[in-house]
file final35.cif (mmCIF, N, CA and C atoms)
data_final
loop_
_atom_site.label_atom_id
_atom_site.label_comp_id
_atom_site.auth_asym_id
_atom_site.auth_seq_id
_atom_site.Cartn_x
_atom_site.Cartn_y
_atom_site.Cartn_z
N MET U 67 8.03 12.91 8.04
CA MET U 67 8.25 12.71 6.60
C MET U 67 7.26 11.66 6.10
N LEU U 68 6.76 11.90 4.94
CA LEU U 68 5.83 10.99 4.28
C LEU U 68 6.58 9.74 3.82
N LYS U 69 6.00 8.59 4.10
CA LYS U 69 6.58 7.32 3.68
C LYS U 69 5.70 6.74 2.58
N PHE U 70 6.30 6.46 1.44
CA PHE U 70 5.60 5.98 0.26
C PHE U 70 6.07 4.57 -0.05
N PHE U 71 5.20 3.59 0.13
CA PHE U 71 5.53 2.20 -0.20
C PHE U 71 5.03 1.95 -1.61
N GLY U 72 5.96 1.70 -2.54
CA GLY U 72 5.57 1.48 -3.93
C GLY U 72 6.51 0.53 -4.62
N TYR U 73 6.32 0.43 -5.92
CA TYR U 73 7.11 -0.45 -6.76
C TYR U 73 7.40 0.32 -8.04
N LYS U 74 8.66 0.52 -8.36
CA LYS U 74 9.06 1.37 -9.49
C LYS U 74 8.50 0.89 -10.83
N LYS U 75 8.25 -0.41 -10.99
CA LYS U 75 7.73 -0.92 -12.25
C LYS U 75 6.20 -0.83 -12.34
N CYS U 76 5.56 -0.38 -11.28
CA CYS U 76 4.10 -0.28 -11.23
C CYS U 76 3.65 1.07 -11.79
N SER U 77 2.83 1.04 -12.82
CA SER U 77 2.38 2.29 -13.44
C SER U 77 1.53 3.12 -12.49
N THR U 78 0.76 2.49 -11.64
CA THR U 78 -0.06 3.22 -10.67
C THR U 78 0.83 3.93 -9.65
N CYS U 79 1.88 3.27 -9.22
CA CYS U 79 2.82 3.91 -8.27
C CYS U 79 3.51 5.09 -8.94
N ARG U 80 3.87 4.95 -10.20
CA ARG U 80 4.53 6.05 -10.91
C ARG U 80 3.58 7.25 -11.02
N LYS U 81 2.30 7.01 -11.28
CA LYS U 81 1.31 8.10 -11.33
C LYS U 81 1.22 8.80 -9.97
N ALA U 82 1.17 8.00 -8.92
CA ALA U 82 1.07 8.56 -7.58
C ALA U 82 2.31 9.41 -7.25
N GLU U 83 3.47 8.91 -7.62
CA GLU U 83 4.71 9.68 -7.37
C GLU U 83 4.69 11.00 -8.14
N LYS U 84 4.21 10.98 -9.37
CA LYS U 84 4.13 12.22 -10.16
C LYS U 84 3.23 13.24 -9.47
N CYS U 85 2.12 12.78 -8.90
CA CYS U 85 1.22 13.69 -8.18
C CYS U 85 1.94 14.32 -6.99
N LEU U 86 2.66 13.50 -6.23
CA LEU U 86 3.40 14.02 -5.08
C LEU U 86 4.46 15.02 -5.51
N GLN U 87 5.17 14.69 -6.57
CA GLN U 87 6.21 15.58 -7.07
C GLN U 87 5.62 16.88 -7.59
N HIS U 88 4.51 16.78 -8.30
CA HIS U 88 3.84 17.97 -8.83
C HIS U 88 3.40 18.91 -7.70
N ALA U 89 2.98 18.32 -6.58
CA ALA U 89 2.54 19.12 -5.42
C ALA U 89 3.72 19.51 -4.52
N ASN U 90 4.95 19.18 -4.94
CA ASN U 90 6.15 19.47 -4.15
C ASN U 90 6.08 18.88 -2.74
N ILE U 91 5.60 17.66 -2.65
CA ILE U 91 5.51 16.97 -1.36
C ILE U 91 6.70 16.01 -1.25
N ALA U 92 7.53 16.24 -0.26
CA ALA U 92 8.69 15.37 -0.04
C ALA U 92 8.24 14.04 0.54
N TYR U 93 8.91 12.97 0.14
CA TYR U 93 8.56 11.64 0.63
C TYR U 93 9.77 10.73 0.58
N GLU U 94 9.68 9.69 1.38
CA GLU U 94 10.70 8.63 1.38
C GLU U 94 10.11 7.45 0.62
N PHE U 95 10.77 7.03 -0.45
CA PHE U 95 10.29 5.90 -1.24
C PHE U 95 10.82 4.60 -0.63
N VAL U 96 9.93 3.64 -0.42
CA VAL U 96 10.31 2.32 0.07
C VAL U 96 9.79 1.30 -0.94
N ASP U 97 10.69 0.48 -1.48
CA ASP U 97 10.27 -0.55 -2.43
C ASP U 97 9.50 -1.63 -1.66
N ILE U 98 8.22 -1.70 -1.93
CA ILE U 98 7.33 -2.59 -1.18
C ILE U 98 7.66 -4.06 -1.43
N THR U 99 8.30 -4.37 -2.57
CA THR U 99 8.64 -5.76 -2.86
C THR U 99 9.92 -6.20 -2.17
N GLU U 100 10.82 -5.25 -1.89
CA GLU U 100 12.08 -5.58 -1.23
C GLU U 100 12.02 -5.37 0.29
N ASP U 101 11.22 -4.40 0.71
CA ASP U 101 11.14 -4.04 2.12
C ASP U 101 9.67 -3.77 2.49
N PRO U 102 8.84 -4.83 2.52
CA PRO U 102 7.42 -4.61 2.81
C PRO U 102 7.22 -4.07 4.23
N PRO U 103 6.12 -3.35 4.42
CA PRO U 103 5.83 -2.84 5.76
C PRO U 103 5.67 -4.00 6.76
N THR U 104 6.00 -3.72 8.00
CA THR U 104 5.84 -4.72 9.04
C THR U 104 4.36 -4.89 9.37
N ALA U 105 4.04 -5.92 10.13
CA ALA U 105 2.67 -6.13 10.57
C ALA U 105 2.17 -4.92 11.36
N LYS U 106 3.04 -4.36 12.18
CA LYS U 106 2.66 -3.18 12.97
C LYS U 106 2.37 -1.99 12.06
N GLU U 107 3.25 -1.76 11.07
CA GLU U 107 3.03 -0.66 10.13
C GLU U 107 1.74 -0.86 9.34
N LEU U 108 1.49 -2.10 8.90
CA LEU U 108 0.27 -2.39 8.15
C LEU U 108 -0.98 -2.14 8.99
N THR U 109 -0.92 -2.52 10.25
CA THR U 109 -2.05 -2.28 11.16
C THR U 109 -2.30 -0.78 11.30
N THR U 110 -1.24 -0.03 11.51
CA THR U 110 -1.37 1.43 11.65
C THR U 110 -1.92 2.06 10.37
N ILE U 111 -1.40 1.66 9.22
CA ILE U 111 -1.86 2.20 7.94
C ILE U 111 -3.34 1.89 7.74
N ALA U 112 -3.74 0.66 8.01
CA ALA U 112 -5.15 0.29 7.84
C ALA U 112 -6.05 1.13 8.76
N GLU U 113 -5.61 1.33 10.00
CA GLU U 113 -6.40 2.13 10.94
C GLU U 113 -6.48 3.58 10.49
N LEU U 114 -5.35 4.17 10.10
CA LEU U 114 -5.33 5.57 9.69
C LEU U 114 -6.12 5.81 8.40
N ALA U 115 -6.13 4.81 7.52
CA ALA U 115 -6.86 4.93 6.25
C ALA U 115 -8.30 4.46 6.39
N ASP U 116 -8.67 4.00 7.59
CA ASP U 116 -10.02 3.47 7.84
C ASP U 116 -10.37 2.39 6.82
N THR U 117 -9.44 1.44 6.69
CA THR U 117 -9.56 0.37 5.71
C THR U 117 -9.43 -0.98 6.42
N PRO U 118 -10.34 -1.92 6.17
CA PRO U 118 -10.18 -3.25 6.75
C PRO U 118 -8.90 -3.92 6.24
N LEU U 119 -8.29 -4.74 7.08
CA LEU U 119 -7.05 -5.43 6.68
C LEU U 119 -7.22 -6.20 5.39
N LYS U 120 -8.36 -6.82 5.17
CA LYS U 120 -8.59 -7.61 3.96
C LYS U 120 -8.48 -6.76 2.70
N LYS U 121 -8.71 -5.47 2.82
CA LYS U 121 -8.64 -4.56 1.67
C LYS U 121 -7.20 -4.15 1.34
N LEU U 122 -6.24 -4.62 2.12
CA LEU U 122 -4.84 -4.32 1.85
C LEU U 122 -4.24 -5.28 0.81
N PHE U 123 -4.99 -6.31 0.43
CA PHE U 123 -4.49 -7.26 -0.56
C PHE U 123 -4.56 -6.68 -1.97
N ASN U 124 -3.53 -6.96 -2.75
CA ASN U 124 -3.51 -6.64 -4.18
C ASN U 124 -4.25 -7.76 -4.90
N THR U 125 -5.56 -7.60 -5.03
CA THR U 125 -6.40 -8.67 -5.57
C THR U 125 -6.16 -8.94 -7.05
N SER U 126 -5.49 -8.05 -7.74
CA SER U 126 -5.21 -8.28 -9.15
C SER U 126 -3.82 -8.87 -9.38
N GLY U 127 -3.11 -9.13 -8.29
CA GLY U 127 -1.75 -9.66 -8.40
C GLY U 127 -1.70 -11.15 -8.67
N ILE U 128 -0.65 -11.57 -9.32
CA ILE U 128 -0.45 -12.97 -9.67
C ILE U 128 -0.35 -13.84 -8.42
N GLN U 129 0.42 -13.37 -7.42
CA GLN U 129 0.62 -14.19 -6.23
C GLN U 129 -0.67 -14.34 -5.42
N TYR U 130 -1.51 -13.31 -5.44
CA TYR U 130 -2.82 -13.40 -4.77
C TYR U 130 -3.62 -14.56 -5.37
N ARG U 131 -3.59 -14.65 -6.70
CA ARG U 131 -4.33 -15.73 -7.38
C ARG U 131 -3.65 -17.08 -7.16
N GLU U 132 -2.31 -17.11 -7.26
CA GLU U 132 -1.58 -18.37 -7.09
C GLU U 132 -1.78 -18.97 -5.70
N LEU U 133 -1.84 -18.11 -4.69
CA LEU U 133 -2.02 -18.58 -3.31
C LEU U 133 -3.49 -18.79 -2.96
N LYS U 134 -4.37 -18.52 -3.92
CA LYS U 134 -5.82 -18.71 -3.75
C LYS U 134 -6.34 -18.01 -2.49
N ILE U 135 -5.87 -16.81 -2.27
CA ILE U 135 -6.25 -16.06 -1.07
C ILE U 135 -7.73 -15.72 -1.09
N LYS U 136 -8.28 -15.45 -2.26
CA LYS U 136 -9.71 -15.13 -2.36
C LYS U 136 -10.57 -16.24 -1.73
N ASP U 137 -10.18 -17.48 -1.95
CA ASP U 137 -10.92 -18.62 -1.41
C ASP U 137 -10.77 -18.74 0.11
N ARG U 138 -9.69 -18.21 0.65
CA ARG U 138 -9.41 -18.32 2.09
C ARG U 138 -9.83 -17.08 2.87
N LEU U 139 -10.14 -15.99 2.18
CA LEU U 139 -10.36 -14.70 2.82
C LEU U 139 -11.46 -14.70 3.87
N SER U 140 -12.48 -15.48 3.68
CA SER U 140 -13.59 -15.48 4.64
C SER U 140 -13.24 -16.18 5.96
N THR U 141 -12.20 -16.99 5.95
CA THR U 141 -11.85 -17.74 7.16
C THR U 141 -10.50 -17.34 7.76
N ILE U 142 -9.78 -16.49 7.09
CA ILE U 142 -8.44 -16.12 7.54
C ILE U 142 -8.52 -15.07 8.66
N SER U 143 -7.67 -15.21 9.65
CA SER U 143 -7.67 -14.26 10.77
C SER U 143 -6.86 -13.01 10.43
N ASP U 144 -7.05 -11.97 11.21
CA ASP U 144 -6.28 -10.74 11.01
C ASP U 144 -4.78 -11.01 11.18
N GLN U 145 -4.42 -11.86 12.13
CA GLN U 145 -3.00 -12.18 12.34
C GLN U 145 -2.42 -12.89 11.12
N GLU U 146 -3.20 -13.78 10.51
CA GLU U 146 -2.73 -14.47 9.30
C GLU U 146 -2.60 -13.50 8.13
N ILE U 147 -3.56 -12.58 8.02
CA ILE U 147 -3.49 -11.56 6.97
C ILE U 147 -2.21 -10.74 7.13
N LEU U 148 -1.96 -10.27 8.34
CA LEU U 148 -0.77 -9.46 8.59
C LEU U 148 0.51 -10.23 8.31
N ALA U 149 0.54 -11.50 8.70
CA ALA U 149 1.73 -12.33 8.46
C ALA U 149 1.98 -12.50 6.96
N LEU U 150 0.92 -12.76 6.20
CA LEU U 150 1.05 -12.91 4.75
C LEU U 150 1.55 -11.63 4.10
N LEU U 151 0.91 -10.53 4.43
CA LEU U 151 1.26 -9.25 3.81
C LEU U 151 2.67 -8.80 4.19
N ALA U 152 3.03 -8.92 5.45
CA ALA U 152 4.35 -8.48 5.91
C ALA U 152 5.47 -9.33 5.32
N SER U 153 5.15 -10.55 4.92
CA SER U 153 6.18 -11.44 4.39
C SER U 153 6.30 -11.37 2.87
N ASN U 154 5.34 -10.73 2.20
CA ASN U 154 5.35 -10.70 0.75
C ASN U 154 4.74 -9.40 0.24
N GLY U 155 5.57 -8.43 -0.08
CA GLY U 155 5.10 -7.13 -0.53
C GLY U 155 4.30 -7.16 -1.82
N ARG U 156 4.46 -8.21 -2.61
CA ARG U 156 3.69 -8.31 -3.86
C ARG U 156 2.22 -8.60 -3.60
N LEU U 157 1.90 -9.01 -2.38
CA LEU U 157 0.50 -9.25 -2.02
C LEU U 157 -0.22 -7.97 -1.59
N ILE U 158 0.53 -6.90 -1.38
CA ILE U 158 -0.02 -5.67 -0.83
C ILE U 158 -0.49 -4.73 -1.94
N LYS U 159 -1.70 -4.22 -1.75
CA LYS U 159 -2.22 -3.20 -2.67
C LYS U 159 -1.30 -1.99 -2.60
N ARG U 160 -0.98 -1.45 -3.75
CA ARG U 160 -0.06 -0.33 -3.76
C ARG U 160 -0.60 0.81 -4.59
N PRO U 161 -0.07 1.97 -4.31
CA PRO U 161 0.89 2.32 -3.28
C PRO U 161 0.23 2.47 -1.92
N LEU U 162 1.05 2.40 -0.89
CA LEU U 162 0.65 2.74 0.48
C LEU U 162 1.41 4.00 0.84
N MET U 163 0.75 4.85 1.59
CA MET U 163 1.40 6.10 1.96
C MET U 163 0.94 6.49 3.36
N THR U 164 1.89 6.93 4.18
CA THR U 164 1.54 7.40 5.52
C THR U 164 2.52 8.46 6.00
N ASN U 165 2.00 9.38 6.77
CA ASN U 165 2.85 10.38 7.41
C ASN U 165 2.80 10.22 8.93
N GLY U 166 2.16 9.15 9.38
CA GLY U 166 2.03 8.90 10.81
C GLY U 166 0.72 9.42 11.39
N ASN U 167 0.09 10.36 10.68
CA ASN U 167 -1.19 10.91 11.12
C ASN U 167 -2.35 10.52 10.22
N LYS U 168 -2.03 10.22 8.97
CA LYS U 168 -3.03 9.75 8.03
C LYS U 168 -2.36 8.80 7.06
N ALA U 169 -3.18 8.04 6.34
CA ALA U 169 -2.64 7.05 5.41
C ALA U 169 -3.58 6.90 4.22
N ALA U 170 -3.02 6.37 3.14
CA ALA U 170 -3.80 6.08 1.94
C ALA U 170 -3.40 4.70 1.43
N VAL U 171 -4.39 3.97 0.95
CA VAL U 171 -4.18 2.64 0.39
C VAL U 171 -4.65 2.68 -1.06
N GLY U 172 -3.75 2.38 -1.98
CA GLY U 172 -4.10 2.49 -3.39
C GLY U 172 -3.97 3.92 -3.87
N PHE U 173 -4.28 4.15 -5.13
CA PHE U 173 -4.10 5.47 -5.71
C PHE U 173 -5.43 6.12 -6.04
N LYS U 174 -5.64 7.28 -5.43
CA LYS U 174 -6.75 8.16 -5.77
C LYS U 174 -6.11 9.53 -5.90
N GLU U 175 -6.12 10.07 -7.11
CA GLU U 175 -5.38 11.31 -7.38
C GLU U 175 -5.72 12.42 -6.40
N GLU U 176 -6.99 12.54 -6.03
CA GLU U 176 -7.37 13.62 -5.12
C GLU U 176 -6.73 13.48 -3.74
N LEU U 177 -6.32 12.28 -3.36
CA LEU U 177 -5.65 12.08 -2.07
C LEU U 177 -4.15 12.37 -2.15
N PHE U 178 -3.59 12.22 -3.33
CA PHE U 178 -2.14 12.34 -3.45
C PHE U 178 -1.68 13.75 -3.77
N ASP U 179 -2.49 14.53 -4.41
CA ASP U 179 -2.13 15.90 -4.77
C ASP U 179 -2.66 16.83 -3.69
N HIS U 180 -2.14 16.68 -2.48
CA HIS U 180 -2.75 17.33 -1.34
C HIS U 180 -1.70 17.82 -0.35
N ARG U 181 -1.86 19.01 0.12
CA ARG U 181 -0.90 19.61 1.04
C ARG U 181 -0.98 19.03 2.46
N GLU U 182 -2.05 18.33 2.79
CA GLU U 182 -2.18 17.76 4.14
C GLU U 182 -1.09 16.75 4.46
N TRP U 183 -0.41 16.25 3.45
CA TRP U 183 0.61 15.23 3.66
C TRP U 183 1.91 15.81 4.20
N ILE U 184 2.06 17.09 4.16
CA ILE U 184 3.31 17.71 4.60
C ILE U 184 3.38 17.74 6.12
#
call {"tool": "encode", "arguments": {"input": "final35.cif", "output": "structure tokens"}}
result
Amino acid sequence: MLKFFGYKKCSTCRKAEKCLQHANIAYEFVDITEDPPTAKELTTIAELADTPLKKLFNTSGIQYRELKIKDRLSTISDQEILALLASNGRLIKRPLMTNGNKAAVGFKEELFDHREWI
């Protein structure tokens, strides 16, 4: 089953969900702010999406700016990145989606309206 990490108040997540629904793709919704992915899940998603861990940050988020992560990004370790992200779902770029064989980070309509996710 497809796992969709999103936030109901996020307009980008709502667009992504509409694409999945339009394509009749079943998914499990997980509120990323209440139940963020674990460090292990984040590692797997980054690997499957061929995305560096640093790209999992929601760089436009308030908490990203408040914690001054941009200033620390060049010196922060992968373990520190995973610990930060796993402890605070608002720091994670959304939506995240995985079926265990592939993953997507952020919203690109061509990736979400796709039968490969089934």
call {"tool": "closest_residue", "arguments": {"input": "final35.cif", "among": "U:Arg156, U:Cys76, U:Val171, U:Ala82", "to": "U:Glu100", "atoms": "all atoms listed in the file"}}
result
U:Arg156
call {"tool": "select_by_dssp", "arguments": {"input": "final35.cif", "residues": "chain U", "states": "alpha helix (DSSP H)", "output": "PDB file with N, CA and C atoms, keeping the file's coordinate frame"}}
result
ATOM      1  N   SER U  77       2.830   1.040 -12.820  1.00  0.00           N
ATOM      2  CA  SER U  77       2.380   2.290 -13.440  1.00  0.00           C
ATOM      3  C   SER U  77       1.530   3.120 -12.490  1.00  0.00           C
ATOM      4  N   THR U  78       0.760   2.490 -11.640  1.00  0.00           N
ATOM      5  CA  THR U  78      -0.060   3.220 -10.670  1.00  0.00           C
ATOM      6  C   THR U  78       0.830   3.930  -9.650  1.00  0.00           C
ATOM      7  N   CYS U  79       1.880   3.270  -9.220  1.00  0.00           N
ATOM      8  CA  CYS U  79       2.820   3.910  -8.270  1.00  0.00           C
ATOM      9  C   CYS U  79       3.510   5.090  -8.940  1.00  0.00           C
ATOM     10  N   ARG U  80       3.870   4.950 -10.200  1.00  0.00           N
ATOM     11  CA  ARG U  80       4.530   6.050 -10.910  1.00  0.00           C
ATOM     12  C   ARG U  80       3.580   7.250 -11.020  1.00  0.00           C
ATOM     13  N   LYS U  81       2.300   7.010 -11.280  1.00  0.00           N
ATOM     14  CA  LYS U  81       1.310   8.100 -11.330  1.00  0.00           C
ATOM     15  C   LYS U  81       1.220   8.800  -9.970  1.00  0.00           C
ATOM     16  N   ALA U  82       1.170   8.000  -8.920  1.00  0.00           N
ATOM     17  CA  ALA U  82       1.070   8.560  -7.580  1.00  0.00           C
ATOM     18  C   ALA U  82       2.310   9.410  -7.250  1.00  0.00           C
ATOM     19  N   GLU U  83       3.470   8.910  -7.620  1.00  0.00           N
ATOM     20  CA  GLU U  83       4.710   9.680  -7.370  1.00  0.00           C
ATOM     21  C   GLU U  83       4.690  11.000  -8.140  1.00  0.00           C
ATOM     22  N   LYS U  84       4.210  10.980  -9.370  1.00  0.00           N
ATOM     23  CA  LYS U  84       4.130  12.220 -10.160  1.00  0.00           C
ATOM     24  C   LYS U  84       3.230  13.240  -9.470  1.00  0.00           C
ATOM     25  N   CYS U  85       2.120  12.780  -8.900  1.00  0.00           N
ATOM     26  CA  CYS U  85       1.220  13.690  -8.180  1.00  0.00           C
ATOM     27  C   CYS U  85       1.940  14.320  -6.990  1.00  0.00           C
ATOM     28  N   LEU U  86       2.660  13.500  -6.230  1.00  0.00           N
ATOM     29  CA  LEU U  86       3.400  14.020  -5.080  1.00  0.00           C
ATOM     30  C   LEU U  86       4.460  15.020  -5.510  1.00  0.00           C
ATOM     31  N   GLN U  87       5.170  14.690  -6.570  1.00  0.00           N
ATOM     32  CA  GLN U  87       6.210  15.580  -7.070  1.00  0.00           C
ATOM     33  C   GLN U  87       5.620  16.880  -7.590  1.00  0.00           C
ATOM     34  N   HIS U  88       4.510  16.780  -8.300  1.00  0.00           N
ATOM     35  CA  HIS U  88       3.840  17.970  -8.830  1.00  0.00           C
ATOM     36  C   HIS U  88       3.400  18.910  -7.700  1.00  0.00           C
ATOM     37  N   ALA U 105       4.040  -5.920  10.130  1.00  0.00           N
ATOM     38  CA  ALA U 105       2.670  -6.130  10.570  1.00  0.00           C
ATOM     39  C   ALA U 105       2.170  -4.920  11.360  1.00  0.00           C
ATOM     40  N   LYS U 106       3.040  -4.360  12.180  1.00  0.00           N
ATOM     41  CA  LYS U 106       2.660  -3.180  12.970  1.00  0.00           C
ATOM     42  C   LYS U 106       2.370  -1.990  12.060  1.00  0.00           C
ATOM     43  N   GLU U 107       3.250  -1.760  11.070  1.00  0.00           N
ATOM     44  CA  GLU U 107       3.030  -0.660  10.130  1.00  0.00           C
ATOM     45  C   GLU U 107       1.740  -0.860   9.340  1.00  0.00           C
ATOM     46  N   LEU U 108       1.490  -2.100   8.900  1.00  0.00           N
ATOM     47  CA  LEU U 108       0.270  -2.390   8.150  1.00  0.00           C
ATOM     48  C   LEU U 108      -0.980  -2.140   8.990  1.00  0.00           C
ATOM     49  N   THR U 109      -0.920  -2.520  10.250  1.00  0.00           N
ATOM     50  CA  THR U 109      -2.050  -2.280  11.160  1.00  0.00           C
ATOM     51  C   THR U 109      -2.300  -0.780  11.300  1.00  0.00           C
ATOM     52  N   THR U 110      -1.240  -0.030  11.510  1.00  0.00           N
ATOM     53  CA  THR U 110      -1.370   1.430  11.650  1.00  0.00           C
ATOM     54  C   THR U 110      -1.920   2.060  10.370  1.00  0.00           C
ATOM     55  N   ILE U 111      -1.400   1.660   9.220  1.00  0.00           N
ATOM     56  CA  ILE U 111      -1.860   2.200   7.940  1.00  0.00           C
ATOM     57  C   ILE U 111      -3.340   1.890   7.740  1.00  0.00           C
ATOM     58  N   ALA U 112      -3.740   0.660   8.010  1.00  0.00           N
ATOM     59  CA  ALA U 112      -5.150   0.290   7.840  1.00  0.00           C
ATOM     60  C   ALA U 112      -6.050   1.130   8.760  1.00  0.00           C
ATOM     61  N   GLU U 113      -5.610   1.330  10.000  1.00  0.00           N
ATOM     62  CA  GLU U 113      -6.400   2.130  10.940  1.00  0.00           C
ATOM     63  C   GLU U 113      -6.480   3.580  10.490  1.00  0.00           C
ATOM     64  N   LEU U 114      -5.350   4.170  10.100  1.00  0.00           N
ATOM     65  CA  LEU U 114      -5.330   5.570   9.690  1.00  0.00           C
ATOM     66  C   LEU U 114      -6.120   5.810   8.400  1.00  0.00           C
ATOM     67  N   ILE U 128      -0.650 -11.570  -9.320  1.00  0.00           N
ATOM     68  CA  ILE U 128      -0.450 -12.970  -9.670  1.00  0.00           C
ATOM     69  C   ILE U 128      -0.350 -13.840  -8.420  1.00  0.00           C
ATOM     70  N   GLN U 129       0.420 -13.370  -7.420  1.00  0.00           N
ATOM     71  CA  GLN U 129       0.620 -14.190  -6.230  1.00  0.00           C
ATOM     72  C   GLN U 129      -0.670 -14.340  -5.420  1.00  0.00           C
ATOM     73  N   TYR U 130      -1.510 -13.310  -5.440  1.00  0.00           N
ATOM     74  CA  TYR U 130      -2.820 -13.400  -4.770  1.00  0.00           C
ATOM     75  C   TYR U 130      -3.620 -14.560  -5.370  1.00  0.00           C
ATOM     76  N   ARG U 131      -3.590 -14.650  -6.700  1.00  0.00           N
ATOM     77  CA  ARG U 131      -4.330 -15.730  -7.380  1.00  0.00           C
ATOM     78  C   ARG U 131      -3.650 -17.080  -7.160  1.00  0.00           C
ATOM     79  N   GLU U 132      -2.310 -17.110  -7.260  1.00  0.00           N
ATOM     80  CA  GLU U 132      -1.580 -18.370  -7.090  1.00  0.00           C
ATOM     81  C   GLU U 132      -1.780 -18.970  -5.700  1.00  0.00           C
ATOM     82  N   ILE U 135      -5.870 -16.810  -2.270  1.00  0.00           N
ATOM     83  CA  ILE U 135      -6.250 -16.060  -1.070  1.00  0.00           C
ATOM     84  C   ILE U 135      -7.730 -15.720  -1.090  1.00  0.00           C
ATOM     85  N   LYS U 136      -8.280 -15.450  -2.260  1.00  0.00           N
ATOM     86  CA  LYS U 136      -9.710 -15.130  -2.360  1.00  0.00           C
ATOM     87  C   LYS U 136     -10.570 -16.240  -1.730  1.00  0.00           C
ATOM     88  N   ASP U 137     -10.180 -17.480  -1.950  1.00  0.00           N
ATOM     89  CA  ASP U 137     -10.920 -18.620  -1.410  1.00  0.00           C
ATOM     90  C   ASP U 137     -10.770 -18.740   0.110  1.00  0.00           C
ATOM     91  N   ARG U 138      -9.690 -18.210   0.650  1.00  0.00           N
ATOM     92  CA  ARG U 138      -9.410 -18.320   2.090  1.00  0.00           C
ATOM     93  C   ARG U 138      -9.830 -17.080   2.870  1.00  0.00           C
ATOM     94  N   ASP U 144      -7.050 -11.970  11.210  1.00  0.00           N
ATOM     95  CA  ASP U 144      -6.280 -10.740  11.010  1.00  0.00           C
ATOM     96  C   ASP U 144      -4.780 -11.010  11.180  1.00  0.00           C
ATOM     97  N   GLN U 145      -4.420 -11.860  12.130  1.00  0.00           N
ATOM     98  CA  GLN U 145      -3.000 -12.180  12.340  1.00  0.00           C
ATOM     99  C   GLN U 145      -2.420 -12.890  11.120  1.00  0.00           C
ATOM    100  N   GLU U 146      -3.200 -13.780  10.510  1.00  0.00           N
ATOM    101  CA  GLU U 146      -2.730 -14.470   9.300  1.00  0.00           C
ATOM    102  C   GLU U 146      -2.600 -13.500   8.130  1.00  0.00           C
ATOM    103  N   ILE U 147      -3.560 -12.580   8.020  1.00  0.00           N
ATOM    104  CA  ILE U 147      -3.490 -11.560   6.970  1.00  0.00           C
ATOM    105  C   ILE U 147      -2.210 -10.740   7.130  1.00  0.00           C
ATOM    106  N   LEU U 148      -1.960 -10.270   8.340  1.00  0.00           N
ATOM    107  CA  LEU U 148      -0.770  -9.460   8.590  1.00  0.00           C
ATOM    108  C   LEU U 148       0.510 -10.230   8.310  1.00  0.00           C
ATOM    109  N   ALA U 149       0.540 -11.500   8.700  1.00  0.00           N
ATOM    110  CA  ALA U 149       1.730 -12.330   8.460  1.00  0.00           C
ATOM    111  C   ALA U 149       1.980 -12.500   6.960  1.00  0.00           C
ATOM    112  N   LEU U 150       0.920 -12.760   6.200  1.00  0.00           N
ATOM    113  CA  LEU U 150       1.050 -12.910   4.750  1.00  0.00           C
ATOM    114  C   LEU U 150       1.550 -11.630   4.100  1.00  0.00           C
ATOM    115  N   LEU U 151       0.910 -10.530   4.430  1.00  0.00           N
ATOM    116  CA  LEU U 151       1.260  -9.250   3.810  1.00  0.00           C
ATOM    117  C   LEU U 151       2.670  -8.800   4.190  1.00  0.00           C
ATOM    118  N   ALA U 152       3.030  -8.920   5.450  1.00  0.00           N
ATOM    119  CA  ALA U 152       4.350  -8.480   5.910  1.00  0.00           C
ATOM    120  C   ALA U 152       5.470  -9.330   5.320  1.00  0.00           C
ATOM    121  N   SER U 153       5.150 -10.550   4.920  1.00  0.00           N
ATOM    122  CA  SER U 153       6.180 -11.440   4.390  1.00  0.00           C
ATOM    123  C   SER U 153       6.300 -11.370   2.870  1.00  0.00           C
ATOM    124  N   GLU U 175      -6.120  10.070  -7.110  1.00  0.00           N
ATOM    125  CA  GLU U 175      -5.380  11.310  -7.380  1.00  0.00           C
ATOM    126  C   GLU U 175      -5.720  12.420  -6.400  1.00  0.00           C
ATOM    127  N   GLU U 176      -6.990  12.540  -6.030  1.00  0.00           N
ATOM    128  CA  GLU U 176      -7.370  13.620  -5.120  1.00  0.00           C
ATOM    129  C   GLU U 176      -6.730  13.480  -3.740  1.00  0.00           C
ATOM    130  N   LEU U 177      -6.320  12.280  -3.360  1.00  0.00           N
ATOM    131  CA  LEU U 177      -5.650  12.080  -2.070  1.00  0.00           C
ATOM    132  C   LEU U 177      -4.150  12.370  -2.150  1.00  0.00           C
ATOM    133  N   PHE U 178      -3.590  12.220  -3.330  1.00  0.00           N
ATOM    134  CA  PHE U 178      -2.140  12.340  -3.450  1.00  0.00           C
ATOM    135  C   PHE U 178      -1.680  13.750  -3.770  1.00  0.00           C
TER     136      PHE U 178
END
call {"tool": "residues_around", "arguments": {"input": "final35.cif", "residues": "U:Ile147", "least_positions_apart": "4", "cutoff": "8 Å", "atoms": "only N, CA and C atoms", "output": "list of chain:residue names"}}
result
U:Ala105, U:Leu119, U:Lys120, U:Ile142, U:Ser143, U:Leu151, U:Ala152, U:Ser153
call {"tool": "atom_distance", "arguments": {"input": "final35.cif", "atom1": "atom N of U:Glu175", "atom2": "atom N of U:Leu139"}}
result
28.0 Å
call {"tool": "resolve_selection", "arguments": {"input": "final35.cif", "expression": "the PyMOL selection byres (((chain U and resi 74 and name CA) around 12) and name CA)", "output": "JSON, numbers by chain"}}
result
{"U": [70, 71, 72, 73, 75, 76, 77, 78, 79, 80, 81, 82, 83, 84, 95, 96, 97, 98, 99, 100, 160, 161]}
call {"tool": "residues_around", "arguments": {"input": "final35.cif", "residues": "stretch 107-116 of chain U", "least_positions_apart": "4", "cutoff": "6 Å", "atoms": "all atoms listed in the file", "output": "ChimeraX atom specification"}}
result
/U:103,167-171
call {"tool": "atom_distance", "arguments": {"input": "final35.cif", "atom1": "atom CA of U:Phe173", "atom2": "atom CA of U:Gln145"}}
result
25.3 Å
call {"tool": "select_by_dssp", "arguments": {"input": "final35.cif", "residues": "chain U", "states": "strand (DSSP E)", "output": "VMD selection string"}}
result
chain U and resid 68 to 72 93 to 97 162 to 164 169 to 171
call {"tool": "atom_distance", "arguments": {"input": "final35.cif", "atom1": "atom CA of U:Pro102", "atom2": "atom CA of U:Lys174"}}
result
20.9 Å
